[in-house]
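*Asks:* Please see the structure below; I have some questions.
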Amino acid sequence: MVESKKLPDQDLTEDIRLFSSKDRVMAIDSSVKKKILDLLQERDRSFDELVSSCGKAKSTISVHIHDLIHAGFISSQTDPHDNRKKILTLTSDPIGRLTNRDRDISLKEEPCDEELPFHPRDIASFFKFGIRTFRTEAMALGINIDPVLERTGWKIGSILTPLIYSPDISQMVQNIHNFWQEHGLGSVELSGSDPIAIIVYGCFECEDLPVTGHGACSFDIGVLSAIFTKYLNAPVQITEVECYSAGHTHCRFLIKKL
């Protein structure tokens, strides 16, 4: 039995966040603004909730909210249940982070010049090599693009869903497994139902990545989010609790209805 280790929480307090609104892209380095945006990524919140969660004075939070509204990154509406209160909503999209977190990790050695790092007639191995190279080069430059990968995964998962969907979860996961196996993307199994738990072996996204100590499967999370949003007929939260990049021998995802 594989030892189960929980992925450590990521300390992102020093990162610079990148957000995109309709009119602009902005780098956010204020710790208070980052906290506000993080909270609103989870759900809409009232002004008083933001004050309580941020632990700052109302005047401080008010200034930061005003800045974010003016920049087009959040919006404010009257609470339908209490017209004395305001509800804040995120109106922008996270792009990624500028971070020093993984810049000094040890990258896996490439094969010697005489060997190709992928099989010439195997498009899946070429795809995996391309993903690994892209991710590790971005890490070395201090760029984290997880939100973009998750959005990309969602779009691809939405296209894939009609091909693998089944009202029976065991059959659907088997369909996912068959597709993954056919295209050299790894193997997938259902390991729990409450909450739904999915294990991926030979994960194409992260198996060849350096060990960073944290999860790295944002693309997979996007794919699974699209598939299980359809299956559960509701938005879902997907948490990666084990990952090759965290030193495990597989990736494991927990899926809960929001």
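Numbering starts fresh at 1 for the residues of each chain in the structure tokens, the chains themselves are lettered A, B, ... in the order given, and ligands are numbered from 1 as they appear.
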Find the residues around stretch 29-35 of chain A up to 10 Å (only C-alpha atoms counted), leave out those fewer than 4 positions away in its own chain, and share them as a list in words.
*Replies:*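 Close residues of stretch 29-35 of chain A: Leu12, Thr13, Glu14, Asp15, Ile16, Arg17, Leu18, Leu39, Leu40, Gln41, Leu50, Ser53, Cys54, Gly55, Lys56, Thr60, Ile61, Val63, His64, Ile65, Asp67, Leu68 and Leu98 of chain A.
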*Asks:* Could you write out the selected residues, including N, CA and C atoms, as a tab-separated table (two decimals), in the first residue's frame?
*Replies:*
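Output saved as selection.tsv:
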```tsv
chain	number	residue	atom	x	y	z
A	12	LEU	N	2.10	31.49	-0.22
A	12	LEU	CA	2.22	32.32	-1.41
A	12	LEU	C	2.26	33.81	-1.07
A	13	THR	N	2.56	34.12	0.19
A	13	THR	CA	2.46	35.50	0.64
A	13	THR	C	3.45	36.42	-0.06
A	14	GLU	N	4.59	35.89	-0.51
A	14	GLU	CA	5.59	36.74	-1.14
A	14	GLU	C	5.41	36.83	-2.66
A	15	ASP	N	4.50	36.04	-3.21
A	15	ASP	CA	4.32	36.04	-4.65
A	15	ASP	C	3.65	37.32	-5.13
A	16	ILE	N	3.94	37.69	-6.37
A	16	ILE	CA	3.21	38.75	-7.06
A	16	ILE	C	2.15	38.08	-7.93
A	17	ARG	N	0.90	38.43	-7.73
A	17	ARG	CA	-0.19	37.80	-8.48
A	17	ARG	C	-0.46	38.60	-9.76
A	18	LEU	N	-0.82	37.88	-10.80
A	18	LEU	CA	-1.16	38.50	-12.07
A	18	LEU	C	-2.65	38.26	-12.35
A	39	LEU	N	-9.89	35.64	-1.37
A	39	LEU	CA	-11.17	35.37	-0.72
A	39	LEU	C	-12.32	35.42	-1.74
A	40	LEU	N	-12.24	36.38	-2.67
A	40	LEU	CA	-13.31	36.52	-3.66
A	40	LEU	C	-13.21	35.46	-4.76
A	41	GLN	N	-12.04	34.83	-4.91
A	41	GLN	CA	-11.96	33.69	-5.83
A	41	GLN	C	-12.79	32.52	-5.30
A	50	LEU	N	-14.94	40.58	4.50
A	50	LEU	CA	-13.56	40.85	4.08
A	50	LEU	C	-12.77	41.51	5.20
A	53	SER	N	-11.96	38.76	7.74
A	53	SER	CA	-10.99	37.77	7.27
A	53	SER	C	-9.60	38.36	7.10
A	54	CYS	N	-9.53	39.62	6.72
A	54	CYS	CA	-8.22	40.26	6.48
A	54	CYS	C	-7.58	40.77	7.77
A	55	GLY	N	-8.38	41.00	8.80
A	55	GLY	CA	-7.83	41.47	10.06
A	55	GLY	C	-7.26	42.87	9.99
A	56	LYS	N	-7.81	43.70	9.11
A	56	LYS	CA	-7.37	45.09	8.99
A	56	LYS	C	-8.51	46.03	9.31
A	60	THR	N	-8.81	50.74	5.96
A	60	THR	CA	-7.77	50.14	5.11
A	60	THR	C	-8.38	49.27	4.03
A	61	ILE	N	-9.33	48.40	4.42
A	61	ILE	CA	-9.98	47.52	3.46
A	61	ILE	C	-10.76	48.34	2.44
A	63	VAL	N	-10.11	51.31	1.28
A	63	VAL	CA	-9.19	51.89	0.29
A	63	VAL	C	-8.78	50.85	-0.75
A	64	HIS	N	-8.43	49.65	-0.30
A	64	HIS	CA	-8.00	48.60	-1.23
A	64	HIS	C	-9.16	48.15	-2.13
A	65	ILE	N	-10.35	48.06	-1.58
A	65	ILE	CA	-11.51	47.69	-2.40
A	65	ILE	C	-11.78	48.77	-3.45
A	67	ASP	N	-9.62	50.72	-4.84
A	67	ASP	CA	-8.59	50.59	-5.88
A	67	ASP	C	-8.93	49.45	-6.84
A	68	LEU	N	-9.35	48.30	-6.27
A	68	LEU	CA	-9.64	47.13	-7.10
A	68	LEU	C	-10.89	47.33	-7.95
A	98	LEU	N	4.26	35.54	-10.16
A	98	LEU	CA	5.70	35.66	-10.24
A	98	LEU	C	6.23	35.24	-8.88
```
*Asks:* What's around A:Pro210 at 12 Å? Count only C-alpha atoms, leave out sequence neighbours fewer than 3 positions away in its own chain, and write the answer as a list in words.
*Replies:*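 Skipping anything fewer than 3 positions along the chain leaves Asp102, Arg103, Asp104, Ile105, Ser106, Leu107, Lys108, Glu109, Glu110, Arg132, Thr133, Arg135, Thr136, Glu137, Met139, Ala140, Glu205, Cys206, Glu207, Gly213, His214, Gly215, Ala216, Cys243, Tyr244, Ser245, Ala246, Gly247 and His248 of chain A.
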*Asks:* For A:Ile255, which residue out of A:Ser166, A:Ala197, A:Ser158, A:Lys58 is the nearest one, using only C-alpha atoms?
*Replies:*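 Under the stated criterion, the closest residue is A:Ala197.
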*Asks:* Neighbouring residues of A:Ile74 were defined as those with any atom within 6 Å, considering only C-alpha atoms; residues of the same chain fewer than 5 positions away were excluded. Please report them as a ChimeraX atom specification.
*Replies:* /A:68-69,89-91
*Asks:* Take the residues from that selection and write them out as a compact mmCIF listing (two decimals), in the first residue's frame, keeping N, CA and C atoms.
*Replies:*
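Output file selection_24.txt is given in full below:
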```
# COMPACT_ATOMS: atom_id res chain seq x y z
N LEU A 68 -9.35 48.30 -6.27
CA LEU A 68 -9.64 47.13 -7.10
C LEU A 68 -10.89 47.33 -7.95
N ILE A 69 -11.88 48.04 -7.41
CA ILE A 69 -13.08 48.36 -8.21
C ILE A 69 -12.71 49.31 -9.34
N THR A 89 -17.75 41.11 -5.64
CA THR A 89 -17.63 40.00 -6.59
C THR A 89 -16.36 40.14 -7.41
N LEU A 90 -15.67 39.05 -7.64
CA LEU A 90 -14.49 39.06 -8.49
C LEU A 90 -14.93 39.16 -9.95
N THR A 91 -14.39 40.13 -10.69
CA THR A 91 -14.75 40.32 -12.10
C THR A 91 -13.54 40.19 -13.01
```
*Asks:* Here is a test: counting only C-alpha atoms, which residue of A:Cys217, A:Arg43, A:Asp168, A:Ile143 is nearest to A:Ile131?
*Replies:*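 Checking each of A:Cys217, A:Arg43, A:Asp168, A:Ile143 against A:Ile131, counting only C-alpha atoms, the winner is A:Cys217.
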*Asks:* Show me a table, sorted first by chain and then by increasing residue number, of the residues of stretch 20-52 of chain A having an atom at most 9 Å from stretch 70-73 of chain A, each with its shortest atom pair and the distance in Å to one decimal, counting only C-alpha atoms and written as JSON lines.
*Replies:*
```
{"residue": "A:Ser20", "atom": "CA", "partner": "A:Phe73", "partner_atom": "CA", "distance": 7.7}
{"residue": "A:Ser21", "atom": "CA", "partner": "A:Phe73", "partner_atom": "CA", "distance": 5.8}
{"residue": "A:Lys22", "atom": "CA", "partner": "A:Gly72", "partner_atom": "CA", "distance": 7.4}
{"residue": "A:Asp23", "atom": "CA", "partner": "A:Gly72", "partner_atom": "CA", "distance": 7.6}
{"residue": "A:Arg24", "atom": "CA", "partner": "A:Ala71", "partner_atom": "CA", "distance": 8.0}
{"residue": "A:Met26", "atom": "CA", "partner": "A:Ala71", "partner_atom": "CA", "distance": 8.6}
{"residue": "A:Leu37", "atom": "CA", "partner": "A:Phe73", "partner_atom": "CA", "distance": 8.5}
```
*Asks:* Can you tell me, as a list in words, which residues in stretch 103-218 of chain A count as strand (DSSP E) by DSSP?
*Replies:* Ile143, Asn144, Ser187, Val188, Glu189, Leu190, Ser191, Gly192, Ser193, Ile196, Ala197, Ile198, Ile199, Val200 and Tyr201 of chain A
*Asks:* Between atom CA of A:Cys251 and atom CA of A:Cys203, what distance in Å does the model show, to one decimal?
*Replies:*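 According to the coordinates, atom CA of A:Cys251 and atom CA of A:Cys203 are separated by 7.1 Å.
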*Asks:* Let me make sure I understand: among A:Gly153, A:Gly192, A:Gly186, A:Pro162, which one has the smallest atom-to-atom distance to A:Leu254 if we use only C-alpha atoms?
*Replies:* A:Gly192
*Asks:* I'd like to know which residues of stretch 35-215 of chain A are helix (DSSP H, G or I) (by DSSP, run on the backbone); could you write them as a ChimeraX atom specification?
*Replies:* /A:35-42,47-54,58-70,123-141,146-164,169-182
*Asks:* My list of candidates is A:Ala124, A:Val148, A:Leu141, A:Ile95. Which is closest to A:Leu185 when distances are computed with only C-alpha atoms?
*Replies:*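 Of A:Ala124, A:Val148, A:Leu141, A:Ile95, the one nearest A:Leu185 is A:Ala124, counting only C-alpha atoms.
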*Asks:* May I ask for the distance between atom CA of A:Ala27 and atom CA of A:Arg97, given in Å to one decimal place?
*Replies:*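 Between these atoms lies a distance of 8.6 Å.
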